[in-house]
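K.L.:
Structure file query11.txt, compact mmCIF, C-alpha atoms, is pasted below:
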# COMPACT_ATOMS: atom_id res chain seq x y z
CA MET V 1 120.38 75.75 136.54
CA SER V 2 122.53 74.03 139.13
CA SER V 3 120.00 71.19 139.13
CA PHE V 4 120.98 70.34 135.54
CA PRO V 5 123.49 67.49 135.09
CA ALA V 6 126.83 68.75 133.86
CA PRO V 7 126.57 67.63 130.18
CA ALA V 8 123.14 69.33 129.81
CA LEU V 9 124.50 72.52 131.32
CA ALA V 10 127.41 72.49 128.90
CA ALA V 11 125.01 72.01 125.99
CA LEU V 12 122.87 74.91 127.22
CA VAL V 13 125.89 77.21 127.51
CA SER V 14 127.20 76.34 124.06
CA GLN V 15 123.69 76.82 122.65
CA ARG V 16 123.63 80.30 124.17
CA PHE V 17 126.91 81.17 122.56
CA GLY V 18 125.58 79.77 119.31
CA VAL V 19 122.60 82.12 119.48
CA ILE V 20 124.84 85.07 120.33
CA ALA V 21 126.99 84.21 117.33
CA VAL V 22 123.94 84.07 115.05
CA ALA V 23 122.71 87.43 116.35
CA ILE V 24 126.08 89.02 115.74
CA LEU V 25 126.21 87.45 112.31
CA ILE V 26 122.80 88.96 111.44
CA CYS V 27 124.00 92.41 112.48
CA VAL V 28 127.23 92.07 110.52
CA VAL V 29 125.46 90.86 107.38
CA ILE V 30 122.94 93.75 107.58
CA PHE V 31 125.77 96.23 108.10
CA GLU V 32 127.69 94.81 105.18
CA LEU V 33 124.61 94.94 102.92
CA ILE V 34 124.11 98.61 103.77
CA ARG V 35 127.81 99.33 103.18
CA ARG V 36 127.62 97.79 99.71
CA LYS V 37 124.38 99.66 99.05
CA HIS V 38 122.44 96.45 98.52
CA LEU V 39 120.02 97.43 101.27
CA MET V 40 118.56 100.85 102.01
CA GLU V 41 118.84 102.06 105.60
CA ARG V 42 115.06 102.50 105.89
CA TYR V 43 114.53 98.77 105.32
CA ALA V 44 117.55 97.74 107.36
CA ILE V 45 116.32 99.26 110.61
CA LEU V 46 113.77 96.49 111.19
CA TRP V 47 116.41 93.83 110.60
CA PHE V 48 118.82 95.53 112.96
CA CYS V 49 116.08 95.50 115.60
CA LEU V 50 115.79 91.76 115.09
CA GLY V 51 119.54 91.15 115.38
CA ILE V 52 119.96 93.36 118.42
CA SER V 53 116.98 91.92 120.30
CA THR V 54 118.20 88.39 119.61
CA LEU V 55 121.60 89.41 120.91
CA VAL V 56 120.19 90.99 124.09
CA LEU V 57 117.93 88.03 124.82
CA ALA V 58 120.78 85.57 124.34
CA ALA V 59 123.28 87.53 126.42
CA TRP V 60 120.95 88.52 129.24
CA LYS V 61 120.05 85.16 130.71
CA GLY V 62 116.97 85.92 132.82
CA LEU V 63 115.43 88.59 130.57
CA LEU V 64 113.25 86.34 128.41
CA THR V 65 111.85 84.53 131.47
CA THR V 66 111.18 87.85 133.25
CA LEU V 67 109.48 89.38 130.21
CA ALA V 68 107.42 86.25 129.56
CA HIS V 69 106.25 86.07 133.16
CA ALA V 70 105.47 89.79 133.17
CA GLY V 71 103.31 89.15 130.13
CA GLY V 72 101.55 86.27 131.86
CA ILE V 73 103.23 83.59 129.73
CA TYR V 74 104.75 80.80 131.83
CA TYR V 75 106.61 79.04 129.06
CA PRO V 76 109.27 81.58 127.95
CA PRO V 77 109.94 80.05 124.49
CA ALA V 78 106.25 80.55 123.67
CA ALA V 79 106.71 84.27 124.32
CA LEU V 80 109.72 84.26 122.04
CA PHE V 81 107.76 82.54 119.26
CA ALA V 82 104.85 84.93 119.65
CA VAL V 83 107.10 87.97 119.38
CA ALA V 84 109.04 86.48 116.48
CA PHE V 85 105.81 85.67 114.66
CA LEU V 86 104.47 89.18 115.13
CA PHE V 87 107.77 90.57 113.90
CA VAL V 88 107.61 88.49 110.72
CA LEU V 89 103.97 89.49 110.14
CA ALA V 90 104.82 93.16 110.55
CA LEU V 91 107.71 92.80 108.16
CA LEU V 92 105.56 91.08 105.52
CA LEU V 93 102.86 93.70 105.80
CA HIS V 94 105.52 96.35 105.44
CA PHE V 95 106.72 94.66 102.25
CA SER V 96 103.19 94.47 100.85
CA ILE V 97 102.74 98.18 101.42
CA VAL V 98 106.07 98.97 99.79
CA LEU V 99 105.20 96.69 96.85
CA SER V 100 101.84 98.36 96.34
CA ARG V 101 103.43 101.77 96.31
CA LEU V 102 106.17 100.63 93.96
CA SER V 103 103.79 99.07 91.46
CA ASP V 104 101.62 102.19 91.51
CA GLN V 105 104.64 104.40 90.86
CA ASN V 106 105.78 101.97 88.20
CA LYS V 107 102.39 102.16 86.48
CA ILE V 108 102.50 105.95 86.43
CA LEU V 109 106.00 105.88 84.96
CA ALA V 110 104.96 103.40 82.26
CA GLN V 111 101.95 105.53 81.33
CA ARG V 112 104.04 108.68 81.18
CA LEU V 113 106.63 106.91 79.06
CA ALA V 114 103.97 105.80 76.56
CA LEU V 115 102.48 109.30 76.42
CA LEU V 116 105.88 110.91 75.84
CA GLN V 117 106.80 108.30 73.25
CA GLN V 118 103.60 109.02 71.34
CA ARG V 119 104.31 112.76 71.43
CA LEU V 120 107.84 112.23 70.19
CA ASP V 121 106.72 109.92 67.37
CA GLU V 122 104.12 112.45 66.28
CA LYS V 123 106.63 115.28 66.32
CA GLU V 124 109.24 113.31 64.41
CA SER V 125 106.81 112.16 61.74
CA ALA V 126 105.54 115.75 61.37
CA GLU V 127 109.12 116.99 60.96
CA GLY V 128 109.80 114.23 58.48
CA GLU V 129 106.88 115.37 56.36
CA GLU V 130 108.02 119.00 56.56
CA ASN V 131 111.44 118.00 55.28
CA LYS V 132 109.85 116.08 52.44
CA GLU V 133 107.81 119.14 51.49
CA GLN V 134 110.85 121.38 51.63
CA GLN V 135 113.11 119.18 49.60
CA PRO V 136 111.45 119.64 46.18
CA VAL V 137 111.69 123.42 46.67
CA HIS V 138 115.43 123.14 47.17
CA GLU V 139 115.76 120.98 44.11
CA SER V 140 113.77 123.34 41.93
CA SER V 141 115.81 126.34 43.12
CA ARG V 142 118.94 124.43 42.35
CA ALA V 143 117.64 123.59 38.90
CA SER V 144 116.89 127.21 38.08
CA MET H 1 91.55 118.14 65.88
CA ASN H 2 88.30 116.65 67.10
CA ARG H 3 86.99 117.28 70.58
CA HIS H 4 85.97 113.65 70.92
CA LEU H 5 88.27 110.71 71.46
CA ALA H 6 87.71 106.99 71.05
CA ILE H 7 90.07 105.04 73.32
CA VAL H 8 90.64 101.54 71.99
CA PRO H 9 92.41 99.14 74.36
CA ALA H 10 94.15 96.35 72.43
CA HIS H 11 96.38 93.51 73.51
CA ASN H 12 97.44 91.23 70.67
CA GLU H 13 94.46 92.17 68.53
CA ALA H 14 96.23 92.21 65.16
CA GLY H 15 93.32 90.31 63.62
CA ALA H 16 90.62 92.83 64.52
CA ILE H 17 92.26 96.18 65.20
CA ALA H 18 92.33 97.55 61.64
CA SER H 19 88.67 96.81 60.99
CA THR H 20 87.70 98.25 64.39
CA ILE H 21 89.53 101.50 63.62
CA ALA H 22 88.08 101.68 60.11
CA SER H 23 84.62 101.13 61.54
CA ILE H 24 85.04 103.93 64.09
CA HIS H 25 86.30 106.29 61.39
CA ARG H 26 83.32 105.41 59.26
CA TRP H 27 80.51 105.52 61.83
CA ALA H 28 81.91 108.10 64.23
CA PRO H 29 83.94 110.52 62.09
CA ASP H 30 83.92 113.15 64.86
CA PHE H 31 86.11 110.93 66.99
CA ASP H 32 89.89 110.76 66.98
CA VAL H 33 91.04 107.20 67.58
CA LEU H 34 93.65 106.42 70.22
CA VAL H 35 94.75 102.80 70.39
CA ILE H 36 96.29 101.61 73.65
CA ASP H 37 98.75 98.95 72.55
CA ASP H 38 99.11 97.26 75.92
CA GLY H 39 102.35 95.39 75.49
CA SER H 40 101.26 93.40 72.44
CA THR H 41 103.71 90.84 71.16
CA ASP H 42 102.20 90.92 67.66
CA ASN H 43 102.09 93.93 65.33
CA THR H 44 98.87 95.43 66.72
CA GLY H 45 100.58 98.80 67.19
CA GLU H 46 101.90 99.04 63.64
CA LEU H 47 98.58 97.97 62.15
CA ALA H 48 96.76 100.56 64.26
CA ALA H 49 99.13 103.35 63.19
CA ALA H 50 98.79 102.27 59.56
CA ALA H 51 95.00 102.41 59.92
CA GLY H 52 95.28 106.06 60.92
CA ALA H 53 94.99 105.84 64.69
CA LYS H 54 97.21 107.48 67.26
CA VAL H 55 98.93 104.78 69.27
CA LEU H 56 100.07 104.70 72.89
CA ARG H 57 102.58 101.89 73.21
CA MET H 58 102.76 100.63 76.76
CA PRO H 59 106.30 99.52 77.60
CA TYR H 60 104.93 96.30 79.10
CA ASN H 61 101.49 94.78 79.65
CA LEU H 62 99.99 97.17 82.20
CA GLY H 63 96.58 95.55 82.30
CA ILE H 64 93.36 97.01 80.98
CA GLY H 65 93.00 99.53 83.83
CA GLY H 66 96.49 100.99 83.62
CA GLY H 67 96.21 101.21 79.84
CA MET H 68 92.79 102.86 79.87
CA GLN H 69 93.98 105.38 82.42
CA ALA H 70 96.83 106.37 80.10
CA GLY H 71 94.14 106.97 77.47
CA TYR H 72 92.22 109.22 79.85
CA VAL H 73 95.40 111.12 80.73
CA TYR H 74 95.92 111.64 76.99
CA ALA H 75 92.33 112.87 76.61
CA LYS H 76 92.73 115.21 79.58
CA GLU H 77 96.03 116.70 78.43
CA ASN H 78 94.86 117.17 74.85
CA GLY H 79 91.64 118.90 75.79
CA TYR H 80 89.12 116.32 74.64
CA GLN H 81 85.58 116.95 75.88
CA VAL H 82 84.22 113.44 75.36
CA ALA H 83 85.94 110.05 75.51
CA VAL H 84 84.45 106.71 74.57
CA GLN H 85 85.98 103.28 75.22
CA VAL H 86 85.69 100.85 72.32
CA ASP H 87 87.27 97.41 72.68
CA GLY H 88 89.85 96.57 70.04
CA ASP H 89 88.49 93.06 69.54
CA GLY H 90 85.35 94.08 67.67
CA GLN H 91 82.88 93.40 70.51
CA HIS H 92 81.54 96.93 70.48
CA ASP H 93 79.71 98.27 67.47
CA PRO H 94 80.99 101.74 66.51
CA ARG H 95 77.59 102.45 64.94
CA GLN H 96 76.30 102.88 68.47
CA ILE H 97 78.86 105.50 69.48
CA GLY H 98 76.42 108.05 68.09
CA ASP H 99 73.68 106.75 70.40
CA LEU H 100 75.95 107.08 73.43
CA LEU H 101 76.92 110.63 72.40
CA GLU H 102 73.32 111.66 71.85
CA CYS H 103 72.37 110.38 75.29
CA LEU H 104 75.35 112.07 76.96
CA GLN H 105 74.67 115.41 75.34
CA ALA H 106 70.92 115.30 75.92
CA ASP H 107 71.44 115.73 79.67
CA PRO H 108 74.18 118.19 80.69
CA GLY H 109 74.16 116.78 84.23
CA LEU H 110 75.16 113.38 82.96
CA ASN H 111 78.84 112.39 83.20
CA MET H 112 78.88 108.86 81.83
CA VAL H 113 76.78 106.70 79.52
CA THR H 114 77.30 102.93 79.43
CA GLY H 115 76.13 100.62 76.70
CA SER H 116 74.27 97.74 78.36
CA ARG H 117 73.61 94.31 76.86
CA PHE H 118 70.86 93.56 79.34
CA LEU H 119 68.38 96.41 79.01
CA ASP H 120 65.11 95.01 77.72
CA ASP H 121 65.10 96.65 74.33
CA GLY H 122 68.67 95.56 73.67
CA GLY H 123 67.59 92.86 71.24
CA GLU H 124 69.21 89.50 70.75
CA GLY H 125 72.93 90.23 70.75
CA PHE H 126 75.78 88.32 72.32
CA ARG H 127 75.37 88.43 76.09
CA SER H 128 78.37 86.54 77.40
CA SER H 129 78.45 82.98 78.76
CA ALA H 130 76.01 81.70 81.37
CA ALA H 131 78.61 81.52 84.16
CA ARG H 132 79.71 85.04 83.46
CA ARG H 133 76.15 86.30 83.43
CA VAL H 134 75.74 85.06 87.02
CA GLY H 135 78.75 87.14 88.05
CA ILE H 136 77.49 90.14 86.13
CA ARG H 137 74.09 89.83 87.81
CA ILE H 138 75.70 89.78 91.28
CA PHE H 139 77.67 92.92 90.51
CA ALA H 140 74.56 94.52 89.02
CA ARG H 141 72.53 93.83 92.19
CA VAL H 142 75.25 95.14 94.48
CA LEU H 143 75.88 98.29 92.46
CA SER H 144 72.18 99.00 91.98
CA ALA H 145 71.70 98.83 95.74
CA ILE H 146 74.68 101.08 96.46
CA THR H 147 74.07 103.70 93.79
CA ARG H 148 70.26 103.54 94.22
CA GLN H 149 69.98 103.42 90.48
CA LYS H 150 69.37 100.57 88.09
CA VAL H 151 72.66 99.12 86.87
CA THR H 152 72.21 96.20 84.49
CA ASP H 153 75.61 95.76 82.85
CA PRO H 154 78.38 96.85 85.22
CA THR H 155 81.12 94.97 83.33
CA SER H 156 80.42 96.64 80.00
CA GLY H 157 83.51 98.42 78.72
CA PHE H 158 81.51 100.29 76.08
CA ARG H 159 81.10 103.60 77.84
CA MET H 160 81.39 107.29 77.19
CA THR H 161 82.39 110.02 79.62
CA ASP H 162 82.29 113.78 79.56
CA ARG H 163 85.14 116.10 80.51
CA ARG H 164 84.62 115.64 84.25
CA GLY H 165 84.66 111.88 83.86
CA ILE H 166 87.85 112.14 81.80
CA GLU H 167 89.51 114.22 84.52
CA LEU H 168 88.40 111.83 87.24
CA PHE H 169 89.64 108.72 85.44
CA ALA H 170 92.91 110.42 84.48
CA ASN H 171 93.61 110.98 88.17
CA ASP H 172 92.27 107.73 89.53
CA TYR H 173 91.37 104.54 87.71
CA PRO H 174 91.25 100.95 88.98
CA ILE H 175 94.20 98.85 87.85
CA ASP H 176 92.77 95.47 86.90
CA TYR H 177 89.16 94.65 86.02
CA PRO H 178 88.26 98.34 86.17
CA GLU H 179 84.70 98.51 84.81
CA VAL H 180 82.78 97.68 87.98
CA GLU H 181 85.03 99.74 90.20
CA ALA H 182 84.80 102.69 87.84
CA ILE H 183 81.05 102.82 88.51
CA MET H 184 81.83 102.97 92.25
CA LEU H 185 84.37 105.68 91.54
CA MET H 186 81.74 107.75 89.74
CA HIS H 187 79.37 107.21 92.67
CA THR H 188 82.04 108.18 95.22
CA HIS H 189 82.69 111.43 93.34
CA ARG H 190 78.98 112.10 92.92
CA LEU H 191 79.11 111.98 89.15
CA ARG H 192 75.99 110.76 87.34
CA SER H 193 75.77 107.92 84.91
CA ARG H 194 73.11 105.97 83.04
CA GLU H 195 72.81 103.07 80.63
CA ILE H 196 71.39 102.70 77.18
CA PRO H 197 70.78 99.40 75.38
CA VAL H 198 73.42 98.18 72.93
CA VAL H 199 74.09 94.99 71.03
CA MET H 200 77.49 93.38 71.35
CA ALA H 201 79.20 90.83 69.14
CA PRO H 202 81.28 87.90 70.38
CA ARG H 203 84.95 88.85 70.28
CA GLN H 204 86.54 88.27 66.86
CA THR H 205 90.00 87.31 68.05
CA GLY H 206 92.23 87.37 71.10
CA GLU H 207 91.51 86.08 74.55
CA SER H 208 89.46 87.40 77.40
CA THR H 209 91.43 88.45 80.44
CA ILE H 210 88.95 86.64 82.67
CA SER H 211 88.75 82.84 82.69
CA GLY H 212 88.96 79.82 84.99
CA ALA H 213 90.45 80.40 88.42
CA GLY H 214 90.95 84.01 87.37
CA SER H 215 87.20 84.53 87.50
CA VAL H 216 87.08 83.64 91.21
CA TYR H 217 89.89 86.09 91.91
CA TYR H 218 88.04 88.62 89.76
CA MET H 219 84.81 88.29 91.76
CA VAL H 220 86.55 88.47 95.14
CA LYS H 221 88.86 91.31 94.16
CA VAL H 222 86.11 93.46 92.68
CA LEU H 223 83.67 92.84 95.53
CA LEU H 224 86.40 93.76 98.02
CA ALA H 225 87.17 96.92 96.07
CA VAL H 226 83.48 97.87 95.98
CA PHE H 227 83.09 97.18 99.70
CA VAL H 228 86.15 99.28 100.59
CA ALA H 229 84.96 102.06 98.30
CA LEU H 230 81.82 102.31 100.43
CA PHE H 231 83.97 103.68 103.22
CA ARG H 232 85.65 106.37 101.18
CA LYS H 233 84.69 109.97 101.67
CA ARG H 234 82.31 111.40 99.12
CA PRO H 235 83.39 114.99 98.57
CA ILE H 236 80.50 117.43 98.72
CA ARG H 237 82.53 120.07 96.92
CA GLU H 238 82.47 118.07 93.71
CA ALA H 239 78.71 117.77 93.82
CA ALA H 240 78.44 121.55 94.16
CA ALA H 241 80.80 121.97 91.22
CA THR H 242 78.64 119.64 89.16
CA SER H 243 75.43 121.49 89.87
CA ALA H 244 77.20 124.78 89.13
CA ALA H 245 78.30 123.34 85.82
CA ILE H 246 74.73 122.24 85.10
CA GLU H 247 73.42 125.71 85.83
CA GLN H 248 76.07 127.22 83.61
CA ALA H 249 75.17 124.85 80.83
CA ARG H 250 71.55 125.88 81.15
Produce structure tokens that represent the structure in this file.

P.N.:
Amino acid sequence: MSSFPAPALAALVSQRFGVIAVAILICVVIFELIRRKHLMERYAILWFCLGISTLVLAAWKGLLTTLAHAGGIYYPPAALFAVAFLFVLALLLHFSIVLSRLSDQNKILAQRLALLQQRLDEKESAEGEENKEQQPVHESSRAS
Amino acid sequence: MNRHLAIVPAHNEAGAIASTIASIHRWAPDFDVLVIDDGSTDNTGELAAAAGAKVLRMPYNLGIGGGMQAGYVYAKENGYQVAVQVDGDGQHDPRQIGDLLECLQADPGLNMVTGSRFLDDGGEGFRSSAARRVGIRIFARVLSAITRQKVTDPTSGFRMTDRRGIELFANDYPIDYPEVEAIMLMHTHRLRSREIPVVMAPRQTGESTISGAGSVYYMVKVLLAVFVALFRKRPIREAAATSAAIEQAR
């Protein structure tokens, strides 16, 4: 890094702090969402992983380069993009699975609701008819 | 209470529902009529109730599969032995319910009978548009090869099932475009089905759920579902139960 001219170095350092700030912001926002019960813990864990790994990579200068080289990738940002892309894919797949389950459960609830509604309607109309049948009896007993 | 149930799916079919119900009552008096009012925005439900049918009102438009399944759950929980699907739009002729029932009861090992438009002696009824017939033929080829049995009209919704079919569909029924997949489902569970010729009329009112770009999605979705179903386990136990039931019936 010493080979960089001073202005470039300064830009790089401030960029690093920018990334750290973003990572911290992600963690804080996730935490706040959980606190307000806008986000369930089970779905927050993945996002926390994202925030924390961004934070670690930004704070630990040589880590990304080391990891990328260990993985046989000689351009560290490419490794970062690959991992980020896989993360997003995994997250989307996770959402699709959750959505499928939710719509299935929703369907079952709707069906059950319709079945119960029909039963209730039938019962109420049967009771209504019973009352109608009983009423004339009351009237005739009153008349006598 | 009858032991037979006619399940009539209807979505905004106010123009045809009353005559369909009246026709079922007239030609198939042994059948109770259950109308699935699948989130209609017109007064289909009220008209159906006024015509003497029981009505399941779906809280929102569930789609034909979700609605039909609710009908099968109703049939299962109320002890019906036979259920027949009759479209609410007047495509299916209730006079042929008797033919389906006769065929189903003639063979105790049979679990489902489908009314086919394409069997040779079906006469000159309405057989869908040319483009749709191509799709139907593709499905027919694929299903015939898989089930090793001649399937000519896999998209026909005019079908009758016995108690085992009712129980199966109550537990598991495809959500959208269910007819083709239901045949795979029967195959997967080793239940037997066959077709008899019927004549269908063009729909009186309402709109088909399948049109335009939807038909491409329909083809792809159903073929995918059929392909995936090939890799599902086929329980042997159920086959044994079926043959036991056949022996009992004999």

K.L.:
Just checking: using all atoms listed in the file, which residue out of H:Thr152, H:Asn171, H:Thr114, H:Gln105 ends up closest to chain V?

P.N.:
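Nearest to chain V: H:Asn171.
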
K.L.:
Choose the residue, out of H:Arg163, H:Gly135, H:Lys76, H:Ala83, that has the smallest atom-to-atom separation from H:Val216; count only C-alpha atoms.

P.N.:
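Residue with the minimum atom-to-atom distance to H:Val216: H:Gly135.
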
K.L.:
Closest to chain V among H:Asp89, H:Glu102, H:Asp37, H:Asp42, using all atoms listed in the file?

P.N.:
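The answer is H:Asp37, which sits nearest to chain V.
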
K.L.:
Can you tell me how far atom CA of V:Leu67 sits from atom CA of V:Cys27, in Å to one decimal?

P.N.:
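Atom CA of V:Cys27 lies at a distance of 23.1 Å from atom CA of V:Leu67.
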
K.L.:
Distance cut-off 8 Å, counting all atoms listed in the file - which residues of chain V neighbour chain H? Return them as a list in words.

P.N.:
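Those within range of chain H come out as Lys107, Ala110, Gln111, Arg112, Leu113, Ala114, Leu115, Gln117 and Gln118 of chain V.
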
K.L.:
H:Arg190, H:Phe139, H:Ala182, H:Arg95: which is nearest H:Gly109, counting all atoms listed in the file?

P.N.:
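Nearest to H:Gly109: H:Arg190.
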
K.L.:
Mind checking which residues fall within 10 Å of V:Leu57, counting all atoms listed in the file, ignoring those fewer than 3 positions away in the same chain, and posting them as a VMD selection string?

P.N.:
chain V and resid 16 19 to 20 23 52 to 54 60 to 65 80

K.L.:
Please indicate the distance in Å from atom CA of H:Ala10 to atom CA of H:Ile196, rounded to one decimal place.

P.N.:
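Interatomic distance, atom CA of H:Ala10 to atom CA of H:Ile196: 24.1 Å.
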
K.L.:
Considering all atoms listed in the file, can you say which of H:Ala106, H:Ala18, H:His187, H:His92 comes closest to H:Arg232?

P.N.:
H:His187

K.L.:
I'd like the contact shell of V:Ile24 - 12 Å cut-off, all atoms listed in the file, skipping same-chain residues fewer than 2 positions apart - returned as a list in words.

P.N.:
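Those residues are Phe17, Gly18, Val19, Ile20, Ala21, Val22, Ile26, Cys27, Val28, Val29, Ile30, Phe31, Trp47, Phe48, Cys49, Leu50, Gly51, Ile52, Ser53, Thr54, Leu55, Val56, Ala58 and Ala59 of chain V.
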
K.L.:
I need the chosen residues saved as a PDB file, keeping the file's coordinate frame, with C-alpha atoms.

P.N.:
ATOM      1  CA  PHE V  17     126.910  81.170 122.560  1.00  0.00           C
ATOM      2  CA  GLY V  18     125.580  79.770 119.310  1.00  0.00           C
ATOM      3  CA  VAL V  19     122.600  82.120 119.480  1.00  0.00           C
ATOM      4  CA  ILE V  20     124.840  85.070 120.330  1.00  0.00           C
ATOM      5  CA  ALA V  21     126.990  84.210 117.330  1.00  0.00           C
ATOM      6  CA  VAL V  22     123.940  84.070 115.050  1.00  0.00           C
ATOM      7  CA  ILE V  26     122.800  88.960 111.440  1.00  0.00           C
ATOM      8  CA  CYS V  27     124.000  92.410 112.480  1.00  0.00           C
ATOM      9  CA  VAL V  28     127.230  92.070 110.520  1.00  0.00           C
ATOM     10  CA  VAL V  29     125.460  90.860 107.380  1.00  0.00           C
ATOM     11  CA  ILE V  30     122.940  93.750 107.580  1.00  0.00           C
ATOM     12  CA  PHE V  31     125.770  96.230 108.100  1.00  0.00           C
ATOM     13  CA  TRP V  47     116.410  93.830 110.600  1.00  0.00           C
ATOM     14  CA  PHE V  48     118.820  95.530 112.960  1.00  0.00           C
ATOM     15  CA  CYS V  49     116.080  95.500 115.600  1.00  0.00           C
ATOM     16  CA  LEU V  50     115.790  91.760 115.090  1.00  0.00           C
ATOM     17  CA  GLY V  51     119.540  91.150 115.380  1.00  0.00           C
ATOM     18  CA  ILE V  52     119.960  93.360 118.420  1.00  0.00           C
ATOM     19  CA  SER V  53     116.980  91.920 120.300  1.00  0.00           C
ATOM     20  CA  THR V  54     118.200  88.390 119.610  1.00  0.00           C
ATOM     21  CA  LEU V  55     121.600  89.410 120.910  1.00  0.00           C
ATOM     22  CA  VAL V  56     120.190  90.990 124.090  1.00  0.00           C
ATOM     23  CA  ALA V  58     120.780  85.570 124.340  1.00  0.00           C
ATOM     24  CA  ALA V  59     123.280  87.530 126.420  1.00  0.00           C
TER      25      ALA V  59
END

K.L.:
May I ask which of the residues V:Glu129, V:Gly71, V:Pro76, V:Ile45 is the closest one to V:Leu91, counting only C-alpha atoms?

P.N.:
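When distances to V:Leu91 are compared using only C-alpha atoms, the smallest one comes from V:Ile45.
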
K.L.:
Could you pull stretch 104-119 of chain V out of the block above and save it with N, CA and C atoms, as a PDB file, in the first residue's frame?

P.N.:
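As a result, decode-v1.pdb now contains:
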ATOM      1  N   ASP V 104     -49.488 -22.441   0.787  1.00  0.00           N
ATOM      2  CA  ASP V 104     -50.147 -23.724   1.038  1.00  0.00           C
ATOM      3  C   ASP V 104     -50.965 -23.663   2.327  1.00  0.00           C
ATOM      4  N   GLN V 105     -50.336 -23.108   3.379  1.00  0.00           N
ATOM      5  CA  GLN V 105     -51.048 -22.986   4.657  1.00  0.00           C
ATOM      6  C   GLN V 105     -52.248 -22.062   4.501  1.00  0.00           C
ATOM      7  N   ASN V 106     -52.063 -21.010   3.720  1.00  0.00           N
ATOM      8  CA  ASN V 106     -53.131 -20.055   3.483  1.00  0.00           C
ATOM      9  C   ASN V 106     -54.314 -20.724   2.768  1.00  0.00           C
ATOM     10  N   LYS V 107     -53.988 -21.571   1.807  1.00  0.00           N
ATOM     11  CA  LYS V 107     -55.031 -22.300   1.063  1.00  0.00           C
ATOM     12  C   LYS V 107     -55.835 -23.184   2.009  1.00  0.00           C
ATOM     13  N   ILE V 108     -55.107 -23.908   2.874  1.00  0.00           N
ATOM     14  CA  ILE V 108     -55.792 -24.809   3.808  1.00  0.00           C
ATOM     15  C   ILE V 108     -56.706 -24.015   4.740  1.00  0.00           C
ATOM     16  N   LEU V 109     -56.217 -22.874   5.204  1.00  0.00           N
ATOM     17  CA  LEU V 109     -57.041 -22.026   6.075  1.00  0.00           C
ATOM     18  C   LEU V 109     -58.293 -21.544   5.352  1.00  0.00           C
ATOM     19  N   ALA V 110     -58.130 -21.108   4.094  1.00  0.00           N
ATOM     20  CA  ALA V 110     -59.274 -20.604   3.331  1.00  0.00           C
ATOM     21  C   ALA V 110     -60.312 -21.706   3.139  1.00  0.00           C
ATOM     22  N   GLN V 111     -59.822 -22.922   2.825  1.00  0.00           N
ATOM     23  CA  GLN V 111     -60.746 -24.047   2.627  1.00  0.00           C
ATOM     24  C   GLN V 111     -61.498 -24.348   3.916  1.00  0.00           C
ATOM     25  N   ARG V 112     -60.744 -24.360   5.018  1.00  0.00           N
ATOM     26  CA  ARG V 112     -61.373 -24.683   6.303  1.00  0.00           C
ATOM     27  C   ARG V 112     -62.400 -23.617   6.653  1.00  0.00           C
ATOM     28  N   LEU V 113     -62.063 -22.375   6.387  1.00  0.00           N
ATOM     29  CA  LEU V 113     -62.982 -21.270   6.663  1.00  0.00           C
ATOM     30  C   LEU V 113     -64.283 -21.455   5.875  1.00  0.00           C
ATOM     31  N   ALA V 114     -64.164 -21.797   4.598  1.00  0.00           N
ATOM     32  CA  ALA V 114     -65.361 -21.978   3.769  1.00  0.00           C
ATOM     33  C   ALA V 114     -66.199 -23.141   4.279  1.00  0.00           C
ATOM     34  N   LEU V 115     -65.522 -24.237   4.675  1.00  0.00           N
ATOM     35  CA  LEU V 115     -66.246 -25.412   5.174  1.00  0.00           C
ATOM     36  C   LEU V 115     -66.989 -25.082   6.467  1.00  0.00           C
ATOM     37  N   LEU V 116     -66.310 -24.356   7.370  1.00  0.00           N
ATOM     38  CA  LEU V 116     -66.940 -23.995   8.640  1.00  0.00           C
ATOM     39  C   LEU V 116     -68.104 -23.034   8.420  1.00  0.00           C
ATOM     40  N   GLN V 117     -67.894 -22.089   7.506  1.00  0.00           N
ATOM     41  CA  GLN V 117     -68.938 -21.117   7.195  1.00  0.00           C
ATOM     42  C   GLN V 117     -70.198 -21.825   6.691  1.00  0.00           C
ATOM     43  N   GLN V 118     -69.973 -22.821   5.820  1.00  0.00           N
ATOM     44  CA  GLN V 118     -71.116 -23.555   5.264  1.00  0.00           C
ATOM     45  C   GLN V 118     -71.862 -24.279   6.378  1.00  0.00           C
ATOM     46  N   ARG V 119     -71.088 -24.872   7.315  1.00  0.00           N
ATOM     47  CA  ARG V 119     -71.699 -25.623   8.411  1.00  0.00           C
ATOM     48  C   ARG V 119     -72.516 -24.689   9.293  1.00  0.00           C
TER      49      ARG V 119
END
